[in-house]
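Beneath this line is the structure, given in structure tokens, with notes to follow.
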Amino acid sequence: MADKETRPSGITGTLFLPKEEMLEIQLREKKFNIGIPSDLSRVEYRVPLTPQAVELLVSYGHEIHIETNAGIKASYSDQDYRAAGAKITEKKEEIFQCDIIIRVAPFNEEEIDLLRGNQVIMSNMQVQSHCLATIEKLMQK
């Protein structure tokens with residue numbers, strides 16, 4: 001009752017409480033196709049994206065293409081990636097046509113040939129282990 005006496009008439013108890021600000025969500029127009037090839041043939045058992053990271057990227061509207069069994073040695077099954085929204089493919093050629101290619105192991109010459117060009121690639125390049133012709137071929141792509 002004392003609380004009512006100290007307030008001016010017409011003021012409610014929630015007027016002075018902080019309220020969350022509603023920000024406008026801006027939708028991004030450009031969506032990317034992101035490819036993750038398997039590194040198992042190169043004795044590389046890491047995978048660059050976990051299913052949780054895939055789920056986050058998919059929630060922003062990007063498409064994630066993962067080669068079958070790419071995460072198996074890192075204890076992530078194809079079903080884990082599928083549940084996160086990734087598309088599982090058996091064809092390495094499809095992976096290398098994506099806008100962005102993410103992998104742990106460096107690219108070999110056959111994989112460089114599969115690249116369509118003008119793509120973003122994220123990889124451990126190990127420049128010292130490649131011959132000059134391979135590096136130039138990659139630069140041309």
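By convention in this document, the chains of the structure tokens carry letters A, B, ... by their order, each chain's residues are numbered from 1, and ligands are numbered from 1 in the order they are shown.
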
For this session: Write out as a ChimeraX atom specification each polymer residue whose atoms come within 7 Å of region 85-98 of chain A, counting only C-alpha atoms; drop sequence neighbours fewer than 2 positions from it.
Result: /A:33-37,54-55,58,63-68,78,81-83,100-101,114-116

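Residues in contact with Glu44 (chain A) at 7 Å, where only C-alpha atoms are counted and same-chain residues fewer than 3 positions away are skipped, are listed as Asp39, Leu40 and Ala105 of chain A.
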
Keeping only C-alpha atoms, write the selected residues as a PDB file, in the first residue's frame.
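Listed below is the output, result.pdb:
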```pdb
ATOM      1  CA  ASP A  39      40.374 -36.457 -46.519  1.00  0.00           C
ATOM      2  CA  LEU A  40      40.478 -40.147 -45.597  1.00  0.00           C
ATOM      3  CA  ALA A 105      44.618 -31.707 -46.163  1.00  0.00           C
TER       4      ALA A 105
END
```

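Take the candidates A:Gly71, A:Gly61, A:Pro106, A:Pro51 and check each one against Gln126 (chain A) using only C-alpha atoms; the shortest distance goes to A:Pro106.
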
Exercise. Restricting the calculation to only C-alpha atoms, which member of A:Met22, A:Ala84, A:Val127, A:Leu132 is positioned closest to Thr50 (chain A)?
Worked result: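 That would be A:Ala84, the residue with the smallest distance to Thr50 (chain A).
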
Problem set entry | DSSP helix (DSSP H, G or I) residues within chain A, listed as an MDAnalysis selection string | chainID A and resid 2:6 40:42 51:59 72:74 78:83 92:95 109:114 127:129 132:140

Exercise. Could you pull out the strand (DSSP E or B) residues of region 46-114 of chain A from DSSP and send them as a ChimeraX atom specification?
Worked result: /A:63-67,87-89,100-102

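The shortest atom-to-atom distance to Glu109 (chain A), with only C-alpha atoms taken into account, belongs to A:Cys131 out of A:Ala70, A:Leu49, A:Leu17, A:Cys131.
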
Problem set entry | Straight-line distance linking CA of Asp80 (chain A) with CA of Gln52 (chain A), stated in Å to one decimal |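 Between CA of Asp80 (chain A) and CA of Gln52 (chain A) the gap works out to 9.2 Å.
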
Exercise. Hey, which of A:Ala53, A:Arg46, A:Phe107, A:Tyr60 ends up closest to Ala74 (chain A)? Count only C-alpha atoms.
Worked result: A:Arg46

Exercise. CA of Lys137 (chain A) and CA of Lys31 (chain A) are how many Å apart?
Worked result: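 Going from CA of Lys137 (chain A) over to CA of Lys31 (chain A) covers 27.5 Å.
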
Exercise. Using only C-alpha atoms, which of the listed residues (A:Val104, A:Ile121, A:Leu138, A:Ala133) sits closest to Val47 (chain A)?
Worked result: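 Among the listed residues, A:Val104 lies closest to Val47 (chain A).
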